[in-house]
Amino acid sequence: MTVPYQPAGDRVLRAADVDLADPAFWRLPRPERLRAFALLRELDAPVLFTPRPGTARTAGKPFYALVRHADVRTASRTPGVFASAPGVTTPEPAGWAKALFGNSMVNMDGSEHAALRRIISRRFTPRLLAGVEENVERLAGRLVDELIAERPGDFVPSAASRMPLEVICDLMGIPRAYRARIAEQIDHASEHVGVERRGRARIRIPGRGLASLARMQWVMGRLAAERRRRPGDDLVSALVCADIDGEALSGRQLGAFFSLLLVAGVETTRNAIAHGLFLLDRHPEQAELLRSDFDRYIGGAVDEIVRHSTPIIQFRRTVTAEFALGGRTFLPGEKVALIYASANRDEAVFTHPDRFDITRSPNPHLGYGGGGPHHCLGAHLARLEMTALFRELIDRRPVMRNLGDPELVDSNFDNRVGSLSFTFGPTFT
């Protein structure tokens, strides 16, 4: 990077000024980062970014940034070349952590990934999904009832976080006695992913995160043992009891899946819901259009919220074979970052990409991944949750009004909303 990062103001930002390996970049206001991505998309080939000596460990190894929609999509759909192993986040998970907690499905490739995903996908039966949809609708109504009755000041813990947490816990059959503790462990396990840690937190926070994962694993271990003895009508029972082919998850596999489902499923949907409320508040014409015919427009609204906010900013891949893409030939062992936040604003694919438009069609966003074997397993569930909650928020009187911008958490991994203050008013307009 040639100049220290400052809000650009009238300064002409150049592509040479952009350094995605510098933690300071990820503390810039989001519009500044989006402008930097636009500059990188104009270049002839992906840029190599190298963490400087002394940079926080979260920056990881040197990597090429894939910022164009076509490149991210191609890499996602070529898993034999752009591998998820040994890890899709930075830093990559240590071998001892995988041995202790189990390897997450997002870090697997090939037959190992396919076998685990097959076991899990088979358990999402039509009967199970029908029950989930009914439960999601009931939960959305109850949450908005409580919002109106209790008038909390922060939308994130009172609704945006509770919705996906309760849905996943109900789906898995997690007893209510465990849920408050699990919510706390999720926050501890994920609050510093992709964030430069400072001072004593460099020592404290990693241990705190691993301890939180261990506690969640302990909960799932106890529950799995109980469900093997006395199966119920829930996903944990289905996963730990062998099917007709004798396939089932081990205790460690279940713990790893549960951690992924909670940290990924809760965090991403929470952030999409919070960003969605903010976007509808700041674009009252879009909120009014949605209210005019909810069933017609909600599918497009959910997709546009996910595209515009892009809850997951990036995932990493490791190159396993020589491959030409985007103006460069990649070599085995090189690292690439799939920058979804940039791909979802690519002018070559989206007209007026910075505009929030719930009628955008087509909308081939990469908010659930770029396709291929790692396409988000929870995409359907996330859509159900957002649809149900926004139906209640749009239909009810009084409805919510935001007080200010979301408080975003510094991260190079997810577009996380720390808090979103709100009050109530007669309409969105």
# chains A, B, ... in the order shown; residues from 1 in each chain; ligands from 1
$ residues_around --residues "Glu334 in chain A" --least-positions-apart "4" --cutoff "9 Å" --atoms "only C-alpha atoms" --output "NGL selection string"
:A and (62-64 or 317-320 or 330)
$ closest_atom_pairs --of "range 205-281 of chain A" --to "range 158-178 of chain A" --cutoff "12 Å" --atoms "only C-alpha atoms" --output "Markdown table"
| residue | atom | partner | partner_atom | distance |
| --- | --- | --- | --- | --- |
| A:Arg215 | CA | A:Tyr178 | CA | 10.8 |
| A:Met216 | CA | A:Tyr178 | CA | 9.7 |
| A:Trp218 | CA | A:Tyr178 | CA | 11.2 |
| A:Val219 | CA | A:Tyr178 | CA | 7.9 |
| A:Met220 | CA | A:Ile174 | CA | 8.6 |
| A:Gly221 | CA | A:Ile174 | CA | 11.7 |
| A:Arg222 | CA | A:Ile174 | CA | 10.7 |
| A:Leu223 | CA | A:Ile174 | CA | 7.7 |
| A:Ala224 | CA | A:Ile174 | CA | 10.3 |
| A:Glu226 | CA | A:Gly173 | CA | 11.3 |
| A:Arg227 | CA | A:Gly173 | CA | 9.6 |
| A:Pro231 | CA | A:Gly173 | CA | 10.4 |
| A:Gly232 | CA | A:Gly173 | CA | 8.1 |
| A:Asp233 | CA | A:Gly173 | CA | 8.0 |
| A:Asp234 | CA | A:Gly173 | CA | 5.3 |
| A:Leu235 | CA | A:Met172 | CA | 4.7 |
| A:Val236 | CA | A:Met172 | CA | 5.2 |
| A:Ser237 | CA | A:Met172 | CA | 8.2 |
| A:Ala238 | CA | A:Met172 | CA | 9.3 |
| A:Leu239 | CA | A:Met172 | CA | 9.5 |
| A:Val240 | CA | A:Met172 | CA | 11.4 |
| A:Leu254 | CA | A:Met172 | CA | 10.8 |
| A:Gly255 | CA | A:Met172 | CA | 11.8 |
| A:Phe257 | CA | A:Met172 | CA | 11.1 |
| A:Phe258 | CA | A:Met172 | CA | 8.6 |
| A:Ser259 | CA | A:Ile168 | CA | 11.2 |
| A:Leu260 | CA | A:Ile168 | CA | 11.4 |
| A:Leu261 | CA | A:Ile168 | CA | 7.8 |
| A:Leu262 | CA | A:Leu165 | CA | 7.2 |
| A:Val263 | CA | A:Leu165 | CA | 9.5 |
| A:Ala264 | CA | A:Pro164 | CA | 10.3 |
| A:Gly265 | CA | A:Pro164 | CA | 7.0 |
| A:Val266 | CA | A:Pro164 | CA | 5.1 |
| A:Glu267 | CA | A:Ser161 | CA | 7.5 |
| A:Thr268 | CA | A:Pro164 | CA | 9.1 |
| A:Thr269 | CA | A:Pro164 | CA | 6.5 |
| A:Arg270 | CA | A:Ala160 | CA | 4.7 |
| A:Asn271 | CA | A:Ala160 | CA | 7.2 |
| A:Ala272 | CA | A:Ala160 | CA | 8.4 |
| A:Ile273 | CA | A:Ala160 | CA | 5.7 |
| A:Ala274 | CA | A:Ala160 | CA | 5.9 |
| A:His275 | CA | A:Ala160 | CA | 9.5 |
| A:Gly276 | CA | A:Ala160 | CA | 10.0 |
| A:Leu277 | CA | A:Ala160 | CA | 9.4 |
| A:Phe278 | CA | A:Ala160 | CA | 11.7 |
$ residues_around --residues "Glu304 in chain A" --least-positions-apart "4" --cutoff "7 Å" --atoms "only C-alpha atoms" --output "PDB file with C-alpha atoms, in the first residue's frame"
ATOM      1  CA  GLY A 300     -37.032 -10.459  -4.838  1.00  0.00           C
ATOM      2  CA  HIS A 308     -26.808  -5.642  -1.225  1.00  0.00           C
ATOM      3  CA  PHE A 356     -31.383  -1.212  -3.561  1.00  0.00           C
ATOM      4  CA  ASP A 357     -34.136  -2.539  -5.813  1.00  0.00           C
ATOM      5  CA  ILE A 358     -36.440  -5.362  -4.719  1.00  0.00           C
TER       6      ILE A 358
END
$ select_by_dssp --residues "range 61-100 of chain A" --states "helix (DSSP H, G or I)" --output "list of chain:residue names"
A:His69, A:Ala70, A:Asp71, A:Val72, A:Arg73, A:Thr74, A:Ala75, A:Ser76, A:Gly95, A:Trp96, A:Ala97, A:Lys98, A:Ala99, A:Leu100
$ closest_residue --among "A:Val67, A:Val47, A:Leu279, A:Gly371" --to "Asp354 in chain A" --atoms "only C-alpha atoms"
A:Leu279
$ closest_atom_pairs --of "range 240-291 of chain A" --to "range 103-124 of chain A" --cutoff "9 Å" --atoms "only C-alpha atoms" --output "tab-separated table"
residue	atom	partner	partner_atom	distance
A:Asp243	CA	A:Ile119	CA	8.9
A:Glu247	CA	A:Ile119	CA	6.7
A:Ala248	CA	A:Ile119	CA	6.8
A:Leu249	CA	A:Ile119	CA	7.7
A:Arg252	CA	A:Asn103	CA	8.6
A:Gln253	CA	A:Asn103	CA	7.5
A:Ala256	CA	A:Ser104	CA	5.5
A:Phe257	CA	A:Ser104	CA	6.5
A:Ser259	CA	A:Ser104	CA	8.3
A:Leu260	CA	A:Ser104	CA	6.7
$ closest_residue --among "A:Arg383, A:Pro373, A:Gly418, A:Thr351" --to "Ala301 in chain A" --atoms "only C-alpha atoms"
A:Arg383
$ closest_residue --among "A:Pro126, A:Gly378, A:Pro157, A:Pro332" --to "Val417 in chain A" --atoms "only C-alpha atoms"
A:Pro157
$ atom_distance --atom1 "CA of Leu290 in chain A" --atom2 "CA of Val409 in chain A"
28.9 Å
$ closest_residue --among "A:Arg181, A:His69, A:Arg328, A:Lys61" --to "Ser342 in chain A" --atoms "only C-alpha atoms"
A:His69
$ residues_around --residues "Leu389 in chain A" --least-positions-apart "6" --cutoff "8 Å" --atoms "only C-alpha atoms" --output "PDB file with C-alpha atoms, in the first residue's frame"
ATOM      1  CA  GLU A 137     -44.207 -18.500  10.975  1.00  0.00           C
ATOM      2  CA  ALA A 140     -42.032 -14.662  13.741  1.00  0.00           C
ATOM      3  CA  GLY A 141     -45.459 -13.699  15.067  1.00  0.00           C
ATOM      4  CA  VAL A 144     -43.013  -9.232  16.814  1.00  0.00           C
TER       5      VAL A 144
END
$ residues_around --residues "Val136 in chain A" --least-positions-apart "3" --cutoff "7 Å" --atoms "only C-alpha atoms" --output "count of residues only"
7
$ closest_residue --among "A:Ala379, A:Leu128, A:Ile305, A:Leu338" --to "Thr359 in chain A" --atoms "only C-alpha atoms"
A:Ile305
$ closest_residue --among "A:Ala348, A:Leu393, A:Ala85, A:Gly326" --to "Asp145 in chain A" --atoms "only C-alpha atoms"
A:Leu393
